[in-house]
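> File name my_file.txt; file contents compact mmCIF, C-alpha atoms; full text below.
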# COMPACT_ATOMS: atom_id res chain seq x y z
CA MET A 6 101.38 -24.69 -52.13
CA ALA A 7 100.73 -26.47 -55.42
CA GLN A 8 99.07 -25.01 -58.49
CA ARG A 9 95.34 -25.06 -57.98
CA ASN A 10 92.79 -26.91 -60.07
CA ASN A 11 90.14 -24.39 -61.13
CA ILE A 12 87.53 -27.01 -62.10
CA GLY A 13 84.39 -26.40 -60.10
CA LYS A 14 85.95 -23.43 -58.33
CA LYS A 15 83.30 -21.69 -56.24
CA SER A 16 85.13 -19.22 -54.02
CA GLN A 17 88.46 -17.62 -53.21
CA PRO A 18 91.16 -20.23 -52.48
CA ARG A 19 91.56 -21.09 -48.81
CA GLU A 20 93.85 -23.35 -46.81
CA PHE A 21 92.53 -26.40 -44.98
CA VAL A 22 94.04 -29.23 -42.99
CA VAL A 23 92.39 -32.66 -43.04
CA VAL A 24 93.39 -35.01 -40.23
CA GLY A 25 92.68 -38.67 -40.94
CA LEU A 26 92.65 -39.79 -44.56
CA GLY A 27 90.31 -42.76 -44.61
CA ARG A 28 87.46 -42.85 -47.12
CA PHE A 29 85.71 -39.86 -45.57
CA GLY A 30 88.76 -37.69 -44.94
CA SER A 31 90.39 -38.38 -48.30
CA SER A 32 87.11 -37.59 -50.10
CA VAL A 33 86.90 -34.25 -48.30
CA ALA A 34 90.53 -33.43 -49.10
CA GLU A 35 90.32 -34.39 -52.77
CA THR A 36 87.09 -32.46 -53.30
CA LEU A 37 88.49 -29.33 -51.66
CA ILE A 38 91.47 -29.53 -54.01
CA GLN A 39 89.14 -29.89 -57.02
CA TYR A 40 87.44 -26.69 -55.87
CA GLY A 41 90.76 -24.86 -56.01
CA HIS A 42 91.70 -24.85 -52.33
CA ASP A 43 95.02 -25.76 -50.74
CA VAL A 44 94.87 -28.80 -48.48
CA LEU A 45 97.35 -30.35 -46.09
CA GLY A 46 96.50 -33.99 -45.46
CA ILE A 47 97.65 -35.70 -42.26
CA ASP A 48 97.57 -39.41 -41.44
CA CYS A 49 99.56 -41.69 -39.15
CA SER A 50 99.67 -44.53 -41.69
CA ALA A 51 102.76 -44.54 -43.93
CA GLU A 52 101.01 -46.89 -46.36
CA ARG A 53 98.00 -44.61 -46.67
CA VAL A 54 100.14 -41.51 -47.10
CA GLN A 55 102.10 -43.18 -49.89
CA HIS A 56 98.90 -44.36 -51.57
CA LEU A 57 97.36 -40.87 -51.55
CA SER A 58 100.49 -38.88 -52.36
CA ARG A 59 99.59 -38.60 -56.06
CA ASP A 60 96.14 -37.18 -55.31
CA LEU A 61 97.14 -34.92 -52.42
CA PRO A 62 100.15 -32.72 -53.26
CA HIS A 63 100.63 -31.80 -49.59
CA ILE A 64 100.46 -34.78 -47.29
CA VAL A 65 102.45 -35.75 -44.21
CA GLN A 66 102.67 -38.80 -42.01
CA LEU A 67 102.39 -37.95 -38.34
CA ASP A 68 100.41 -38.71 -35.22
CA ALA A 69 97.85 -35.92 -34.81
CA THR A 70 97.64 -36.67 -31.08
CA ASN A 71 101.31 -35.67 -30.70
CA ALA A 72 101.42 -32.00 -29.72
CA GLU A 73 105.08 -31.54 -30.64
CA ALA A 74 104.58 -33.03 -34.11
CA LEU A 75 101.68 -30.66 -34.75
CA ARG A 76 103.69 -27.69 -33.52
CA GLN A 77 106.58 -28.51 -35.85
CA ILE A 78 104.39 -28.39 -38.96
CA GLY A 79 102.88 -25.05 -37.90
CA ILE A 80 99.35 -26.35 -37.49
CA GLY A 81 98.24 -23.06 -35.96
CA GLN A 82 98.48 -21.29 -39.33
CA PHE A 83 95.34 -23.06 -40.51
CA GLU A 84 91.97 -21.46 -39.83
CA THR A 85 89.86 -24.52 -40.67
CA ALA A 86 90.47 -28.19 -39.95
CA VAL A 87 88.53 -31.37 -40.63
CA VAL A 88 89.23 -34.17 -38.13
CA ALA A 89 88.20 -37.59 -39.42
CA ILE A 90 90.35 -40.22 -37.73
CA SER A 91 88.55 -43.45 -38.56
CA GLY A 92 87.29 -45.72 -35.79
CA ASN A 93 89.13 -44.05 -32.93
CA PHE A 94 87.12 -41.58 -30.89
CA GLU A 95 89.89 -40.91 -28.37
CA SER A 96 92.27 -39.86 -31.15
CA ASN A 97 89.58 -37.68 -32.73
CA LEU A 98 88.93 -36.07 -29.36
CA LEU A 99 92.59 -35.43 -28.52
CA ALA A 100 93.36 -34.11 -32.00
CA THR A 101 90.43 -31.69 -31.70
CA VAL A 102 91.65 -30.46 -28.31
CA LEU A 103 95.20 -29.96 -29.60
CA LEU A 104 94.07 -28.12 -32.73
CA ARG A 105 92.08 -25.71 -30.58
CA ARG A 106 95.07 -25.26 -28.28
CA PHE A 107 97.26 -24.34 -31.25
CA GLY A 108 94.74 -21.73 -32.42
CA VAL A 109 92.78 -23.42 -35.20
CA GLN A 110 89.51 -21.48 -35.10
CA HIS A 111 87.07 -23.65 -37.04
CA ILE A 112 87.20 -27.40 -36.45
CA ILE A 113 84.80 -29.82 -38.11
CA THR A 114 85.02 -33.34 -36.79
CA LYS A 115 83.36 -36.71 -37.30
CA ALA A 116 81.55 -38.78 -34.69
CA ARG A 117 79.66 -42.06 -34.59
CA THR A 118 77.19 -41.38 -31.77
CA ARG A 119 75.27 -38.44 -30.35
CA LEU A 120 77.25 -38.72 -27.10
CA GLN A 121 80.51 -38.39 -29.01
CA LYS A 122 79.05 -35.38 -30.81
CA THR A 123 78.16 -33.71 -27.51
CA ILE A 124 81.66 -34.28 -26.11
CA LEU A 125 83.39 -32.95 -29.23
CA LEU A 126 81.27 -29.81 -29.20
CA GLU A 127 82.15 -29.30 -25.53
CA VAL A 128 85.90 -29.39 -26.22
CA GLY A 129 85.77 -26.86 -29.04
CA ALA A 130 84.59 -28.42 -32.29
CA ALA A 131 82.55 -25.90 -34.27
CA GLN A 132 80.62 -28.60 -36.11
CA VAL A 133 80.26 -32.35 -35.64
CA ILE A 134 78.84 -34.61 -38.32
CA LEU A 135 77.56 -38.16 -37.97
CA PRO A 136 78.00 -39.55 -41.50
CA GLU A 137 76.27 -42.91 -40.98
CA HIS A 138 73.36 -41.43 -39.03
CA ASP A 139 72.92 -38.54 -41.45
CA ALA A 140 73.07 -40.84 -44.49
CA GLY A 141 70.43 -43.09 -42.94
CA VAL A 142 68.10 -40.19 -42.20
CA HIS A 143 68.65 -38.80 -45.69
CA LEU A 144 67.77 -42.10 -47.35
CA ALA A 145 64.72 -42.69 -45.15
CA ARG A 146 63.32 -39.26 -45.94
CA ARG A 147 63.83 -39.77 -49.65
CA LEU A 148 62.14 -43.16 -49.51
CA SER A 149 59.25 -41.84 -47.44
CA SER A 150 58.00 -39.55 -50.21
CA GLN A 151 57.41 -40.48 -53.82
CA HIS A 152 58.00 -36.85 -54.77
CA PHE A 153 61.41 -36.28 -53.14
CA ILE A 154 64.42 -36.41 -55.46
CA ASP A 155 67.00 -35.05 -53.04
CA PHE A 156 67.38 -32.60 -50.19
CA LEU A 157 70.04 -30.67 -48.32
CA GLU A 158 69.53 -29.68 -44.71
CA ILE A 159 70.94 -26.20 -44.13
CA ARG A 160 70.48 -25.80 -40.38
CA ASP A 161 67.91 -25.91 -37.58
CA GLY A 162 65.53 -28.11 -39.56
CA ILE A 163 65.49 -25.88 -42.65
CA SER A 164 66.24 -27.70 -45.91
CA VAL A 165 66.35 -27.15 -49.64
CA VAL A 166 64.25 -29.94 -51.18
CA GLU A 167 64.30 -31.03 -54.82
CA MET A 168 60.95 -32.63 -55.58
CA MET A 169 58.55 -33.47 -58.38
CA ALA A 170 55.61 -31.09 -58.45
CA PRO A 171 52.58 -32.92 -56.99
CA LYS A 172 49.38 -33.18 -59.05
CA SER A 173 47.60 -30.92 -56.58
CA LEU A 174 49.67 -28.00 -57.87
CA PHE A 175 49.36 -28.66 -61.61
CA GLY A 176 47.95 -25.58 -63.33
CA CYS A 177 48.30 -23.37 -60.25
CA THR A 178 50.36 -20.22 -60.10
CA LEU A 179 52.66 -19.86 -57.11
CA ALA A 180 50.32 -17.20 -55.76
CA GLU A 181 47.34 -19.54 -56.09
CA SER A 182 49.22 -22.39 -54.40
CA ASN A 183 49.57 -20.17 -51.31
CA LEU A 184 52.55 -22.26 -50.21
CA ARG A 185 54.25 -19.47 -48.30
CA GLN A 186 51.24 -18.52 -46.19
CA ARG A 187 49.84 -22.04 -45.87
CA LEU A 188 53.02 -24.04 -45.18
CA GLY A 189 55.85 -21.53 -44.85
CA LEU A 190 57.48 -22.83 -48.05
CA ASN A 191 59.29 -20.87 -50.74
CA VAL A 192 59.82 -22.15 -54.29
CA ILE A 193 63.27 -20.80 -55.15
CA ALA A 194 63.65 -22.41 -58.58
CA VAL A 195 61.82 -24.63 -61.05
CA ASN A 196 63.47 -27.06 -63.45
CA ARG A 197 61.49 -28.02 -66.55
CA GLU A 198 62.34 -29.31 -70.01
CA SER A 199 62.73 -25.79 -71.41
CA GLY A 200 65.29 -24.89 -68.74
CA ILE A 201 65.70 -23.72 -65.17
CA VAL A 202 63.61 -20.81 -63.90
CA PRO A 203 65.34 -19.18 -60.91
CA ASN A 204 63.31 -17.12 -58.43
CA PRO A 205 59.96 -17.71 -60.20
CA ARG A 206 57.41 -14.90 -59.94
CA ALA A 207 54.08 -15.16 -58.16
CA ASP A 208 52.30 -15.57 -61.52
CA PHE A 209 54.52 -18.51 -62.53
CA ARG A 210 52.27 -21.49 -63.38
CA ILE A 211 53.32 -24.99 -62.30
CA GLU A 212 53.06 -27.73 -64.92
CA ALA A 213 53.17 -31.53 -64.89
CA GLY A 214 56.78 -32.71 -64.98
CA ASP A 215 58.16 -29.63 -63.20
CA VAL A 216 60.86 -30.21 -60.61
CA LEU A 217 60.59 -27.75 -57.74
CA LEU A 218 63.41 -26.52 -55.53
CA VAL A 219 61.69 -25.69 -52.25
CA LEU A 220 63.08 -23.98 -49.14
CA GLY A 221 61.44 -24.85 -45.84
CA ARG A 222 61.03 -27.49 -43.17
CA ILE A 223 60.96 -31.11 -44.30
CA GLU A 224 57.78 -31.77 -42.30
CA ASP A 225 56.02 -28.94 -44.15
CA VAL A 226 57.25 -30.10 -47.55
CA GLU A 227 55.95 -33.59 -46.78
CA MET A 228 52.46 -32.10 -46.40
CA LEU A 229 52.46 -31.55 -50.17
CA ARG A 230 52.21 -35.31 -50.66
CA GLU A 231 49.08 -36.41 -52.48
Take the structure in the file and write it out as structure tokens.


Amino acid sequence: MAQRNNIGKKSQPREFVVVGLGRFGSSVAETLIQYGHDVLGIDCSAERVQHLSRDLPHIVQLDATNAEALRQIGIGQFETAVVAISGNFESNLLATVLLRRFGVQHIITKARTRLQKTILLEVGAAQVILPEHDAGVHLARRLSSQHFIDFLEIRDGISVVEMMAPKSLFGCTLAESNLRQRLGLNVIAVNRESGIVPNPRADFRIEAGDVLLVLGRIEDVEMLRE
């Protein structure tokens, strides 16, 4: 594999295969490379493969629904695959089935509807994302609260929320706010002009202008609204 780019490197280098190099798939592949990982990109479009060849050192043109073509490139050597064939659910489905058959253990694939998600999980996908749905939910939740800056859902409704400290907490210590007992929320970091305070202590006092990083359920965080 090619020499790795160490910019933004977060973990030990791993090998990934990304099937389908539209906007979503190519973004995933390019970002993984920036993080120092080795990526094999696959797409059936010769034009797209040629266009992306400068950004993706390892890229091949083939039909990911062709079992023999996948076998010839040794697809089974990859532990993790991202399947993102744009606008074609049948191809996404068949590619997922074939990758599982060849021994790829962790398959993340893209769907457009909840029904598609259910089917893909049934045939062996470890994770299915709905980019348009998730982006819509993300935006709506940000717009619904004047305090939310951003959030990342981890799993099962638990999120890390970046939010402006509400006035109701100004001058309170974390112990006095009683957030953990009252709402099941944990403040895991505070960003203020003087710098970031990770894992703030119970006697840490919240000030106007503080940005809180809160771990908990979105519904509970929303209860902090004024």

> Between CA of Met168 (chain A) and CA of Met228 (chain A), what is the spacing in Å?

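Going from CA of Met228 (chain A) over to CA of Met168 (chain A), I get 12.5 Å.
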
> Can you find the residues with an atom no farther than 7 Å from (95.3, -20.8, -46.7), counting only C-alpha atoms, and report them as a ChimeraX atom specification?

/A:19-21,43,83

> Any idea what's packed within 7 Å of region 55-67 of chain A, counting all atoms listed in the file, ignoring anything in its chain fewer than 5 positions away? Could you give it as a PyMOL selection string?

chain A and resi 7+35+44-50+74

> Hey, which of A:Ala116, A:Val24, A:Leu125, A:Leu135 ends up closest to Leu75 (chain A)? Count all atoms listed in the file.

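Among the listed residues, A:Val24 lies closest to Leu75 (chain A).
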
> Measuring atom to atom with all atoms listed in the file, identify which of A:Ser96, A:Leu218, A:Val22, A:Asp225 is nearest to Gln186 (chain A).

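With all atoms listed in the file as the atom set, the closest residue is A:Asp225.
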
> Which polymer residues, protein or nucleic acid, are no farther than 12 Å from (52.4, -20.6, -58.1), counting only C-alpha atoms, as a PyMOL selection string?

chain A and resi 170+173-185+190-195+204-212+215+217

> Counting all atoms listed in the file, which residue out of A:Val109, A:Met169, A:Ala86, A:Leu37 sits closest to Gln17 (chain A)?

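When distances to Gln17 (chain A) are compared using all atoms listed in the file, the smallest one comes from A:Leu37.
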
> Distance CA of Val128 (chain A)-CA of Lys115 (chain A), one decimal place?

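Straight-line distance from CA of Val128 (chain A) to CA of Lys115 (chain A) works out to 13.5 Å.
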
> Find the residues near Glu127 (chain A): any atom within 12 Å, counting only C-alpha atoms, skip ones fewer than 4 places away on the same chain, and give them as a ChimeraX atom specification.

/A:98,101-102,105,120-123,131-133

> Output C-alpha atoms for every residue in that selection, as a PDB file, in the coordinates of the input.


ATOM      1  CA  LEU A  98      88.930 -36.070 -29.360  1.00  0.00           C
ATOM      2  CA  THR A 101      90.430 -31.690 -31.700  1.00  0.00           C
ATOM      3  CA  VAL A 102      91.650 -30.460 -28.310  1.00  0.00           C
ATOM      4  CA  ARG A 105      92.080 -25.710 -30.580  1.00  0.00           C
ATOM      5  CA  LEU A 120      77.250 -38.720 -27.100  1.00  0.00           C
ATOM      6  CA  GLN A 121      80.510 -38.390 -29.010  1.00  0.00           C
ATOM      7  CA  LYS A 122      79.050 -35.380 -30.810  1.00  0.00           C
ATOM      8  CA  THR A 123      78.160 -33.710 -27.510  1.00  0.00           C
ATOM      9  CA  ALA A 131      82.550 -25.900 -34.270  1.00  0.00           C
ATOM     10  CA  GLN A 132      80.620 -28.600 -36.110  1.00  0.00           C
ATOM     11  CA  VAL A 133      80.260 -32.350 -35.640  1.00  0.00           C
TER      12      VAL A 133
END

> Within 7 Å of Ile163 (chain A), counting only C-alpha atoms, which residues show up once you throw out same-chain ones fewer than 4 positions away? Write them as a CSV table (one decimal) with C-alpha atoms, in the coordinates of the input, please.


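Done, and the output landed in result13.csv:
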chain,number,residue,atom,x,y,z
A,158,GLU,CA,69.5,-29.7,-44.7
A,159,ILE,CA,70.9,-26.2,-44.1
A,221,GLY,CA,61.4,-24.8,-45.8
A,222,ARG,CA,61.0,-27.5,-43.2

> Measuring atom to atom with all atoms listed in the file, identify which of A:Arg53, A:Arg106, A:His111, A:Arg160 is nearest to Gly30 (chain A).

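Smallest separation from Gly30 (chain A) among the options: A:Arg53.
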